[in-house]
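Raw protein10.txt, compact mmCIF, C-alpha atoms:
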# COMPACT_ATOMS: atom_id res chain seq x y z
CA GLY A 1 9.05 -1.71 -12.06
CA ALA A 2 5.75 -2.68 -13.61
CA VAL A 3 3.00 -0.12 -14.07
CA VAL A 4 -0.45 -0.24 -12.52
CA SER A 5 -2.91 2.39 -13.64
CA GLN A 6 -5.88 3.33 -11.50
CA HIS A 7 -8.77 5.45 -12.75
CA PRO A 8 -10.24 7.85 -11.85
CA SER A 9 -7.82 9.62 -9.54
CA ARG A 10 -10.61 11.65 -8.01
CA VAL A 11 -14.37 11.26 -8.02
CA ILE A 12 -17.21 13.08 -6.31
CA CYS A 13 -20.61 11.43 -6.25
CA LYS A 14 -23.97 11.92 -4.62
CA SER A 15 -25.22 9.73 -1.80
CA GLY A 16 -27.03 6.69 -3.08
CA THR A 17 -25.22 6.45 -6.37
CA SER A 18 -22.63 3.84 -7.37
CA VAL A 19 -19.06 4.49 -8.36
CA LYS A 20 -16.71 2.24 -10.29
CA ILE A 21 -12.93 2.37 -9.92
CA GLU A 22 -10.68 0.63 -12.43
CA CYS A 23 -7.28 -0.91 -11.86
CA ARG A 24 -5.21 -1.97 -14.86
CA SER A 25 -1.84 -3.65 -15.14
CA LEU A 26 -0.29 -2.04 -18.19
CA ASP A 27 2.74 -4.19 -18.95
CA PHE A 28 2.14 -7.48 -17.19
CA GLN A 29 -0.62 -9.96 -16.52
CA ALA A 30 -1.93 -9.69 -13.00
CA THR A 31 -3.04 -13.01 -11.60
CA THR A 32 -3.89 -11.39 -8.30
CA MET A 33 -5.12 -7.90 -7.49
CA PHE A 34 -5.67 -6.32 -4.11
CA TRP A 35 -7.92 -3.47 -3.05
CA TYR A 36 -7.05 -1.29 -0.07
CA ARG A 37 -8.74 1.56 1.72
CA GLN A 38 -6.80 4.28 3.49
CA PHE A 39 -8.21 6.66 6.08
CA PRO A 40 -6.46 9.98 6.76
CA LYS A 41 -3.15 9.47 8.55
CA LYS A 42 -3.88 5.76 8.87
CA SER A 43 -2.43 2.64 7.40
CA LEU A 44 -3.70 0.89 4.30
CA MET A 45 -6.43 -1.58 5.17
CA LEU A 46 -6.79 -4.58 2.87
CA MET A 47 -10.38 -4.87 1.71
CA ALA A 48 -10.23 -7.84 -0.61
CA THR A 49 -8.05 -10.07 -2.74
CA SER A 50 -9.15 -11.08 -6.20
CA ASN A 51 -7.73 -13.76 -8.46
CA GLU A 52 -8.51 -13.62 -12.15
CA GLY A 53 -11.62 -15.58 -13.02
CA SER A 54 -12.71 -16.30 -9.48
CA LYS A 55 -14.66 -14.57 -6.75
CA ALA A 56 -12.90 -12.08 -4.55
CA THR A 57 -11.95 -12.95 -1.00
CA TYR A 58 -13.06 -10.22 1.35
CA GLU A 59 -11.45 -9.32 4.64
CA GLN A 60 -13.45 -9.53 7.82
CA GLY A 61 -15.78 -6.60 8.24
CA VAL A 62 -15.84 -5.62 4.56
CA GLU A 63 -19.30 -5.82 3.03
CA LYS A 64 -19.05 -7.74 -0.22
CA ASP A 65 -22.45 -6.52 -1.41
CA LYS A 66 -21.39 -2.94 -0.96
CA PHE A 67 -17.91 -3.21 -2.43
CA LEU A 68 -18.26 -5.27 -5.59
CA ILE A 69 -15.02 -6.53 -7.07
CA ASN A 70 -14.67 -7.95 -10.54
CA HIS A 71 -11.43 -9.39 -11.93
CA ALA A 72 -12.60 -10.54 -15.32
CA SER A 73 -9.29 -10.37 -17.14
CA LEU A 74 -5.60 -10.63 -16.37
CA THR A 75 -5.15 -6.88 -16.78
CA LEU A 76 -8.26 -5.37 -15.24
CA SER A 77 -9.99 -5.38 -11.89
CA THR A 78 -12.82 -3.08 -10.87
CA LEU A 79 -14.16 -1.98 -7.52
CA THR A 80 -17.72 -0.70 -7.46
CA VAL A 81 -18.92 1.14 -4.39
CA THR A 82 -22.67 0.63 -4.44
CA SER A 83 -25.20 3.00 -2.90
CA ALA A 84 -22.39 5.19 -1.65
CA HIS A 85 -22.71 7.11 1.60
CA PRO A 86 -20.54 9.90 3.03
CA GLU A 87 -18.81 7.39 5.33
CA ASP A 88 -17.53 5.62 2.22
CA SER A 89 -15.46 8.69 1.40
CA SER A 90 -11.87 7.58 1.48
CA PHE A 91 -8.72 6.92 -0.53
CA TYR A 92 -8.85 3.59 -2.37
CA ILE A 93 -5.69 1.97 -3.75
CA CYS A 94 -5.26 -1.15 -5.83
CA SER A 95 -2.21 -3.30 -6.33
CA ALA A 96 -1.44 -6.08 -8.76
CA ARG A 97 0.88 -9.05 -8.72
CA GLU A 98 2.09 -11.03 -11.67
CA SER A 99 1.77 -14.53 -10.30
CA ARG A 100 0.41 -16.36 -7.28
CA GLY A 101 3.93 -16.78 -5.96
CA ASN A 102 6.16 -14.57 -3.92
CA THR A 103 6.50 -11.79 -6.46
CA GLU A 104 6.34 -8.09 -5.76
CA ALA A 105 3.03 -6.28 -5.95
CA PHE A 106 2.82 -2.92 -7.72
CA PHE A 107 0.47 -0.15 -6.70
CA GLY A 108 -1.87 2.16 -8.53
CA GLN A 109 -1.99 5.89 -7.96
CA GLY A 110 -5.08 5.71 -5.79
CA THR A 111 -8.60 7.14 -6.08
CA ARG A 112 -9.94 9.82 -3.79
CA LEU A 113 -13.69 9.20 -3.39
CA THR A 114 -15.86 11.91 -1.91
CA VAL A 115 -19.53 11.18 -1.35
CA VAL A 116 -21.70 14.26 -0.83
CA LYS B 117 -2.44 -11.87 13.53
CA GLN B 118 0.42 -9.86 12.08
CA GLU B 119 0.74 -6.30 13.33
CA VAL B 120 3.16 -3.70 12.04
CA THR B 121 4.21 -0.67 14.05
CA GLN B 122 6.19 2.30 12.84
CA ILE B 123 8.06 4.73 15.07
CA PRO B 124 8.13 7.68 15.11
CA ALA B 125 4.73 8.67 13.74
CA ALA B 126 6.19 11.96 12.57
CA LEU B 127 9.68 13.38 12.22
CA SER B 128 10.99 16.81 11.30
CA VAL B 129 14.67 17.28 10.53
CA PRO B 130 16.86 19.96 8.96
CA GLU B 131 18.19 19.36 5.50
CA GLY B 132 21.38 17.32 5.36
CA GLU B 133 20.73 15.21 8.42
CA ASN B 134 20.92 11.46 8.39
CA LEU B 135 17.84 9.79 9.84
CA VAL B 136 16.43 6.41 10.76
CA LEU B 137 12.84 5.23 10.53
CA ASN B 138 11.80 2.17 12.49
CA CYS B 139 9.41 -0.64 11.74
CA SER B 140 8.54 -3.62 13.92
CA PHE B 141 6.31 -6.62 13.27
CA THR B 142 4.87 -9.21 15.62
CA ASP B 143 5.12 -12.41 13.57
CA SER B 144 8.57 -13.23 12.22
CA ALA B 145 7.17 -15.67 9.65
CA ILE B 146 7.33 -13.24 6.74
CA TYR B 147 8.27 -13.65 3.09
CA ASN B 148 9.62 -10.17 2.67
CA LEU B 149 9.48 -6.62 3.94
CA GLN B 150 9.00 -3.57 1.80
CA TRP B 151 9.43 0.15 2.33
CA PHE B 152 7.24 2.56 0.40
CA ARG B 153 7.00 6.28 -0.04
CA GLN B 154 3.64 8.02 -0.30
CA ASP B 155 3.23 11.65 -1.27
CA PRO B 156 0.03 13.44 -0.19
CA GLY B 157 -2.98 12.21 -2.12
CA LYS B 158 -0.89 9.83 -4.17
CA GLY B 159 -0.30 6.12 -4.46
CA LEU B 160 2.67 4.15 -3.19
CA THR B 161 6.16 4.14 -4.61
CA SER B 162 8.22 1.10 -3.70
CA LEU B 163 11.62 2.06 -2.32
CA LEU B 164 13.23 -1.15 -1.19
CA LEU B 165 12.19 -4.78 -0.87
CA ILE B 166 14.08 -7.14 1.42
CA GLN B 167 13.48 -10.86 1.10
CA SER B 168 13.26 -12.81 4.35
CA SER B 169 16.68 -14.38 3.68
CA GLN B 170 18.36 -11.00 3.26
CA ARG B 171 19.72 -8.62 5.87
CA GLU B 172 19.70 -5.36 3.97
CA GLN B 173 19.11 -3.58 0.71
CA THR B 174 20.53 -0.31 -0.56
CA SER B 175 19.39 2.14 -3.18
CA GLY B 176 21.18 5.45 -3.49
CA ARG B 177 20.86 7.32 -0.20
CA LEU B 178 18.51 4.71 1.21
CA ASN B 179 19.48 1.64 3.19
CA ALA B 180 17.00 -0.78 4.70
CA SER B 181 17.88 -3.50 7.16
CA LEU B 182 15.93 -6.51 8.31
CA ASP B 183 16.29 -8.53 11.50
CA LYS B 184 13.60 -11.11 11.04
CA SER B 185 14.17 -12.92 14.31
CA SER B 186 13.60 -9.79 16.36
CA GLY B 187 10.85 -8.52 14.09
CA ARG B 188 12.53 -5.25 13.18
CA SER B 189 13.51 -3.22 10.17
CA THR B 190 15.05 0.20 9.79
CA LEU B 191 15.14 2.60 6.87
CA TYR B 192 18.20 4.82 6.89
CA ILE B 193 18.13 7.98 4.80
CA ALA B 194 21.47 9.69 4.32
CA ALA B 195 21.91 13.41 3.72
CA SER B 196 18.21 14.15 3.75
CA GLN B 197 16.73 16.63 1.26
CA PRO B 198 13.46 18.60 1.23
CA GLY B 199 12.32 16.36 -1.61
CA ASP B 200 12.44 13.41 0.79
CA SER B 201 9.45 14.88 2.64
CA ALA B 202 6.67 12.30 2.43
CA THR B 203 5.04 9.50 4.39
CA TYR B 204 7.12 6.34 4.60
CA LEU B 205 5.27 3.07 4.95
CA CYS B 206 6.63 -0.30 5.98
CA ALA B 207 4.82 -3.49 4.94
CA VAL B 208 5.48 -7.16 5.55
CA LYS B 209 4.27 -9.99 3.38
CA SER B 210 2.56 -12.57 5.55
CA GLY B 211 0.92 -15.37 3.64
CA ASN B 212 -0.69 -13.87 0.59
CA LYS B 213 -1.12 -10.42 2.11
CA LEU B 214 0.83 -7.25 2.70
CA VAL B 215 0.32 -5.88 6.20
CA PHE B 216 1.12 -2.19 6.51
CA GLY B 217 2.24 0.01 9.33
CA ALA B 218 0.60 3.40 9.85
CA GLY B 219 3.61 5.20 8.43
CA THR B 220 6.07 7.88 9.46
CA ILE B 221 5.44 11.40 8.20
CA LEU B 222 8.81 12.91 7.37
CA ARG B 223 9.43 16.59 6.89
CA VAL B 224 12.84 17.79 5.83
CA LYS B 225 13.25 21.53 6.36
CA SER B 226 15.41 23.59 4.04
Full structure transcribed into structure tokens:
Amino acid sequence: GAVVSQHPSRVICKSGTSVKIECRSLDFQATTMFWYRQFPKKSLMLMATSNEGSKATYEQGVEKDKFLINHASLTLSTLTVTSAHPEDSSFYICSARESRGNTEAFFGQGTRLTVV
Amino acid sequence: KQEVTQIPAALSVPEGENLVLNCSFTDSAIYNLQWFRQDPGKGLTSLLLIQSSQREQTSGRLNASLDKSSGRSTLYIAASQPGDSATYLCAVKSGNKLVFGAGTILRVKS
């Protein structure tokens, strides 16, 4: 299957700072990328869907000013957690899909964010 | 709103046993269903993808079935091994989104 690379795998930051997480499709062009958040022993919760060159669509209850998503190219999407707080600590996972159709989405390795 | 439920939440079996993981979904209007494996602190590895028109998919010791009309899928693991220990997630594609279950934590004891 196709490869999606997510970076960093782990990050610790201080409260009030911002953290950027990158998601790259290495061997295909990702028209659509998805960002998920996973709480311990819980399911993945979709945060937002981004299509290349357009604004992200956020799920209900997700603050778009806090979780900034940029999908500026067909191989890169970024999630920036702004003014991070301890409650933002979580596991964040991205996925990427090659076209807008019914193709399979491939997942990154995830990023463990700890806000202290 | 699509909801996905996985049963059991956790399962512990001795090595060599065959086992079945269950997944149910509330809205049968899905494009496909996918089973993933997740190791602790890691991302998702896709195991099997079943299109809505298919009934099952097989890969090695894994077999996944889909009964779309009843909103159910099963993942059958034959001759389980300690290396199969992980969390198994089921997800259905509804519209443009994947909706995930909470997962089944599998432990295979040697």
**OP:** Do a neighbour search on A:Glu63 at 10 Å with all atoms listed in the file, toss out local chain neighbours closer than 5 positions, and write the hits as a ChimeraX atom specification.
**Re:** /A:47-48,58,68
Original post:
Pick from B:Ala194, B:Leu165, B:Leu182, B:Ile123: nearest to chain A, with only C-alpha atoms counted?
Top reply: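 Result for the nearest residue to chain A: B:Leu165.
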**OP:** Take atom CA of B:Leu178 and atom CA of B:Tyr204 and report the distance between them in Å, one decimal.
**Re:**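 For atom CA of B:Leu178 relative to atom CA of B:Tyr204, the distance reads 12.0 Å.
By chain and then residue number, the residues within 7 Å of A:Ile93 are Trp35, Tyr36, Arg37, Gly108, Gln109, Gly110 and Thr111 of chain A; Gly159 of chain B, counting all atoms listed in the file and disregarding those fewer than 5 positions away in sequence.
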I need the chosen residues saved as a short mmCIF file (atom, residue, chain, number, x, y, z; two decimals), keeping the file's coordinate frame, with C-alpha atoms.
data_model
loop_
_atom_site.label_atom_id
_atom_site.label_comp_id
_atom_site.auth_asym_id
_atom_site.auth_seq_id
_atom_site.Cartn_x
_atom_site.Cartn_y
_atom_site.Cartn_z
CA TRP A 35 -7.92 -3.47 -3.05
CA TYR A 36 -7.05 -1.29 -0.07
CA ARG A 37 -8.74 1.56 1.72
CA GLY A 108 -1.87 2.16 -8.53
CA GLN A 109 -1.99 5.89 -7.96
CA GLY A 110 -5.08 5.71 -5.79
CA THR A 111 -8.60 7.14 -6.08
CA GLY B 159 -0.30 6.12 -4.46
#
Original post:
Excluding same-chain residues fewer than 3 positions from B:Glu131, what lies within 12 Å of it counting only C-alpha atoms, as a ChimeraX atom specification?
Top reply: /B:128,134-135,193-201,222-226
Chain B residues near chain A within 9 Å, closest pair each, using only C-alpha atoms, as a tab-separated table:
residue	atom	partner	partner_atom	distance
B:Tyr147	CA	A:Asn102	CA	7.4
B:Asn148	CA	A:Asn102	CA	8.6
B:Gly157	CA	A:Arg112	CA	7.5
B:Lys158	CA	A:Gln109	CA	5.6
B:Gly159	CA	A:Gln109	CA	3.9
B:Leu160	CA	A:Phe107	CA	6.0
B:Thr161	CA	A:Phe107	CA	7.4
B:Ser162	CA	A:Phe106	CA	7.8
B:Leu165	CA	A:Glu104	CA	8.3
B:Leu205	CA	A:Ser43	CA	8.1
B:Lys209	CA	A:Asn102	CA	8.8
B:Asn212	CA	A:Asn102	CA	8.2
B:Lys213	CA	A:Leu46	CA	8.2
B:Leu214	CA	A:Leu46	CA	8.1
B:Val215	CA	A:Leu46	CA	8.0
B:Phe216	CA	A:Ser43	CA	6.1
B:Gly217	CA	A:Ser43	CA	5.7
B:Ala218	CA	A:Ser43	CA	4.0
B:Gly219	CA	A:Ser43	CA	6.6
B:Ile221	CA	A:Lys41	CA	8.8
Go ahead and write the selection's residues with C-alpha atoms as a CSV table (one decimal), in the frame of the given file.
chain,number,residue,atom,x,y,z
B,147,TYR,CA,8.3,-13.6,3.1
B,148,ASN,CA,9.6,-10.2,2.7
B,157,GLY,CA,-3.0,12.2,-2.1
B,158,LYS,CA,-0.9,9.8,-4.2
B,159,GLY,CA,-0.3,6.1,-4.5
B,160,LEU,CA,2.7,4.2,-3.2
B,161,THR,CA,6.2,4.1,-4.6
B,162,SER,CA,8.2,1.1,-3.7
B,165,LEU,CA,12.2,-4.8,-0.9
B,205,LEU,CA,5.3,3.1,5.0
B,209,LYS,CA,4.3,-10.0,3.4
B,212,ASN,CA,-0.7,-13.9,0.6
B,213,LYS,CA,-1.1,-10.4,2.1
B,214,LEU,CA,0.8,-7.2,2.7
B,215,VAL,CA,0.3,-5.9,6.2
B,216,PHE,CA,1.1,-2.2,6.5
B,217,GLY,CA,2.2,0.0,9.3
B,218,ALA,CA,0.6,3.4,9.8
B,219,GLY,CA,3.6,5.2,8.4
B,221,ILE,CA,5.4,11.4,8.2
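Across the structure, atom CA of B:Gln150 and atom CA of B:Ala180 are spaced 9.0 Å apart.
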**OP:** Using all atoms listed in the file, determine which residues lie at most 10 Å from A:His85, disregarding the query and same-chain residues fewer than 5 positions distant; provide the list as a PyMOL selection string.
**Re:** chain A and resi 13-18+114-116
Original post:
A:Thr80: which residues within 12 Å, counting all atoms listed in the file, same-chain residues fewer than 6 positions away excluded, as a ChimeraX atom specification?
Top reply: /A:17-23,35,63-71,88,92,113
**OP:** Would you work out the distance separating atom CA of A:Leu74 from atom CA of A:Val4, expressed in Å to one decimal?
**Re:**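 These two atoms are separated by 12.2 Å.
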**OP:** Go through B:Leu163, B:Trp151, B:Ser169, B:Gly211 one by one, measure the shortest atom-to-atom distance of each to B:Asn138 using all atoms listed in the file, and give the residue with the smallest value.
**Re:** B:Trp151
Original post:
So which one's closest to B:Asp143, B:Gln173, B:Ser189, B:Ala125, B:Ser210? Using only C-alpha atoms, please.
Top reply: B:Ser210
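The smallest atom-to-atom distance between B:Glu119 and any of B:Thr220, B:Gly132, B:Gln167, B:Gly187, using all atoms listed in the file, is found for B:Gly187.
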With C-alpha atoms as the atom set, please write chain B from the structure just given, as a PDB file, in the first residue's frame.
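So selection-v4.pdb came out as:
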ATOM      1  CA  LYS B 117     -25.587   9.227  12.272  1.00  0.00           C
ATOM      2  CA  GLN B 118     -23.433   6.170  11.695  1.00  0.00           C
ATOM      3  CA  GLU B 119     -22.283   4.347  14.809  1.00  0.00           C
ATOM      4  CA  VAL B 120     -19.866   1.444  14.929  1.00  0.00           C
ATOM      5  CA  THR B 121     -19.694  -0.993  17.821  1.00  0.00           C
ATOM      6  CA  GLN B 122     -17.083  -3.646  18.423  1.00  0.00           C
ATOM      7  CA  ILE B 123     -17.513  -6.657  20.672  1.00  0.00           C
ATOM      8  CA  PRO B 124     -15.762  -7.791  22.759  1.00  0.00           C
ATOM      9  CA  ALA B 125     -13.827  -4.788  24.046  1.00  0.00           C
ATOM     10  CA  ALA B 126     -11.012  -7.086  25.105  1.00  0.00           C
ATOM     11  CA  LEU B 127     -10.133 -10.707  24.499  1.00  0.00           C
ATOM     12  CA  SER B 128      -7.421 -12.971  25.867  1.00  0.00           C
ATOM     13  CA  VAL B 129      -6.799 -16.351  24.271  1.00  0.00           C
ATOM     14  CA  PRO B 130      -4.087 -19.012  24.380  1.00  0.00           C
ATOM     15  CA  GLU B 131      -1.806 -19.349  21.411  1.00  0.00           C
ATOM     16  CA  GLY B 132      -3.163 -21.485  18.599  1.00  0.00           C
ATOM     17  CA  GLU B 133      -6.817 -20.719  19.141  1.00  0.00           C
ATOM     18  CA  ASN B 134      -9.086 -19.531  16.385  1.00  0.00           C
ATOM     19  CA  LEU B 135     -11.022 -16.404  17.290  1.00  0.00           C
ATOM     20  CA  VAL B 136     -13.696 -14.067  15.992  1.00  0.00           C
ATOM     21  CA  LEU B 137     -13.966 -10.324  16.473  1.00  0.00           C
ATOM     22  CA  ASN B 138     -17.296  -8.648  15.863  1.00  0.00           C
ATOM     23  CA  CYS B 139     -18.234  -5.306  14.400  1.00  0.00           C
ATOM     24  CA  SER B 140     -21.702  -3.847  13.910  1.00  0.00           C
ATOM     25  CA  PHE B 141     -22.842  -0.611  12.307  1.00  0.00           C
ATOM     26  CA  THR B 142     -26.169   1.194  12.414  1.00  0.00           C
ATOM     27  CA  ASP B 143     -26.500   2.519   8.861  1.00  0.00           C
ATOM     28  CA  SER B 144     -26.184  -0.073   6.104  1.00  0.00           C
ATOM     29  CA  ALA B 145     -25.520   2.588   3.448  1.00  0.00           C
ATOM     30  CA  ILE B 146     -21.754   2.119   3.415  1.00  0.00           C
ATOM     31  CA  TYR B 147     -19.181   2.109   0.633  1.00  0.00           C
ATOM     32  CA  ASN B 148     -16.836  -0.299   2.310  1.00  0.00           C
ATOM     33  CA  LEU B 149     -15.680  -1.703   5.622  1.00  0.00           C
ATOM     34  CA  GLN B 150     -12.102  -1.958   6.735  1.00  0.00           C
ATOM     35  CA  TRP B 151     -10.302  -3.794   9.506  1.00  0.00           C
ATOM     36  CA  PHE B 152      -7.151  -2.292  10.975  1.00  0.00           C
ATOM     37  CA  ARG B 153      -4.530  -3.339  13.450  1.00  0.00           C
ATOM     38  CA  GLN B 154      -3.023  -0.856  15.887  1.00  0.00           C
ATOM     39  CA  ASP B 155      -0.022  -1.612  18.064  1.00  0.00           C
ATOM     40  CA  PRO B 156       0.436   0.452  21.249  1.00  0.00           C
ATOM     41  CA  GLY B 157       1.443   4.020  20.471  1.00  0.00           C
ATOM     42  CA  LYS B 158       1.474   3.367  16.757  1.00  0.00           C
ATOM     43  CA  GLY B 159      -0.597   4.228  13.720  1.00  0.00           C
ATOM     44  CA  LEU B 160      -3.012   1.988  11.866  1.00  0.00           C
ATOM     45  CA  THR B 161      -2.145  -0.919   9.630  1.00  0.00           C
ATOM     46  CA  SER B 162      -4.858  -1.875   7.173  1.00  0.00           C
ATOM     47  CA  LEU B 163      -5.616  -5.592   7.277  1.00  0.00           C
ATOM     48  CA  LEU B 164      -8.584  -6.109   5.010  1.00  0.00           C
ATOM     49  CA  LEU B 165     -10.959  -3.913   3.044  1.00  0.00           C
ATOM     50  CA  ILE B 166     -14.338  -5.224   1.940  1.00  0.00           C
ATOM     51  CA  GLN B 167     -16.297  -3.271  -0.642  1.00  0.00           C
ATOM     52  CA  SER B 168     -20.034  -2.987  -0.055  1.00  0.00           C
ATOM     53  CA  SER B 169     -20.706  -5.408  -2.928  1.00  0.00           C
ATOM     54  CA  GLN B 170     -18.445  -8.082  -1.456  1.00  0.00           C
ATOM     55  CA  ARG B 171     -19.176 -10.683   1.192  1.00  0.00           C
ATOM     56  CA  GLU B 172     -15.690 -11.482   2.410  1.00  0.00           C
ATOM     57  CA  GLN B 173     -11.982 -10.959   2.020  1.00  0.00           C
ATOM     58  CA  THR B 174      -9.104 -13.198   3.024  1.00  0.00           C
ATOM     59  CA  SER B 175      -5.458 -12.532   3.701  1.00  0.00           C
ATOM     60  CA  GLY B 176      -3.335 -15.309   5.146  1.00  0.00           C
ATOM     61  CA  ARG B 177      -4.787 -16.330   8.503  1.00  0.00           C
ATOM     62  CA  LEU B 178      -7.315 -13.512   8.427  1.00  0.00           C
ATOM     63  CA  ASN B 179     -10.814 -13.669   7.000  1.00  0.00           C
ATOM     64  CA  ALA B 180     -13.294 -10.820   7.165  1.00  0.00           C
ATOM     65  CA  SER B 181     -16.956 -11.116   6.310  1.00  0.00           C
ATOM     66  CA  LEU B 182     -19.545  -8.462   5.632  1.00  0.00           C
ATOM     67  CA  ASP B 183     -23.327  -8.680   5.903  1.00  0.00           C
ATOM     68  CA  LYS B 184     -24.335  -5.202   4.891  1.00  0.00           C
ATOM     69  CA  SER B 185     -28.060  -5.691   5.274  1.00  0.00           C
ATOM     70  CA  SER B 186     -27.744  -6.705   8.907  1.00  0.00           C
ATOM     71  CA  GLY B 187     -24.972  -4.217   9.602  1.00  0.00           C
ATOM     72  CA  ARG B 188     -22.391  -6.755  10.713  1.00  0.00           C
ATOM     73  CA  SER B 189     -18.851  -7.805  10.017  1.00  0.00           C
ATOM     74  CA  THR B 190     -16.590 -10.375  11.590  1.00  0.00           C
ATOM     75  CA  LEU B 191     -12.833 -10.762  11.566  1.00  0.00           C
ATOM     76  CA  TYR B 192     -11.727 -14.358  11.913  1.00  0.00           C
ATOM     77  CA  ILE B 193      -8.150 -15.040  12.970  1.00  0.00           C
ATOM     78  CA  ALA B 194      -6.974 -18.607  12.559  1.00  0.00           C
ATOM     79  CA  ALA B 195      -4.276 -20.241  14.661  1.00  0.00           C
ATOM     80  CA  SER B 196      -3.582 -17.139  16.703  1.00  0.00           C
ATOM     81  CA  GLN B 197       0.001 -16.214  17.613  1.00  0.00           C
ATOM     82  CA  PRO B 198       1.457 -13.939  20.310  1.00  0.00           C
ATOM     83  CA  GLY B 199       2.436 -11.531  17.533  1.00  0.00           C
ATOM     84  CA  ASP B 200      -1.260 -11.040  16.790  1.00  0.00           C
ATOM     85  CA  SER B 201      -1.619  -9.202  20.105  1.00  0.00           C
ATOM     86  CA  ALA B 202      -2.810  -5.690  19.280  1.00  0.00           C
ATOM     87  CA  THR B 203      -5.940  -3.573  19.090  1.00  0.00           C
ATOM     88  CA  TYR B 204      -8.173  -4.361  16.137  1.00  0.00           C
ATOM     89  CA  LEU B 205     -10.308  -1.560  14.765  1.00  0.00           C
ATOM     90  CA  CYS B 206     -13.255  -1.779  12.431  1.00  0.00           C
ATOM     91  CA  ALA B 207     -14.236   1.223  10.299  1.00  0.00           C
ATOM     92  CA  VAL B 208     -16.994   1.839   7.783  1.00  0.00           C
ATOM     93  CA  LYS B 209     -16.900   4.379   5.003  1.00  0.00           C
ATOM     94  CA  SER B 210     -20.061   6.460   5.131  1.00  0.00           C
ATOM     95  CA  GLY B 211     -20.127   9.337   2.703  1.00  0.00           C
ATOM     96  CA  ASN B 212     -16.677  10.842   2.645  1.00  0.00           C
ATOM     97  CA  LYS B 213     -15.762   9.692   6.145  1.00  0.00           C
ATOM     98  CA  LEU B 214     -14.448   6.663   7.941  1.00  0.00           C
ATOM     99  CA  VAL B 215     -16.351   5.956  11.149  1.00  0.00           C
ATOM    100  CA  PHE B 216     -14.420   3.830  13.613  1.00  0.00           C
ATOM    101  CA  GLY B 217     -15.403   1.468  16.356  1.00  0.00           C
ATOM    102  CA  ALA B 218     -13.638   1.639  19.722  1.00  0.00           C
ATOM    103  CA  GLY B 219     -11.646  -1.483  18.962  1.00  0.00           C
ATOM    104  CA  THR B 220     -11.018  -4.897  20.465  1.00  0.00           C
ATOM    105  CA  ILE B 221      -7.842  -5.355  22.478  1.00  0.00           C
ATOM    106  CA  LEU B 222      -6.513  -8.814  21.710  1.00  0.00           C
ATOM    107  CA  ARG B 223      -3.947 -10.622  23.792  1.00  0.00           C
ATOM    108  CA  VAL B 224      -2.632 -13.963  22.643  1.00  0.00           C
ATOM    109  CA  LYS B 225      -0.811 -15.785  25.435  1.00  0.00           C
ATOM    110  CA  SER B 226       2.118 -18.056  24.688  1.00  0.00           C
TER     111      SER B 226
END
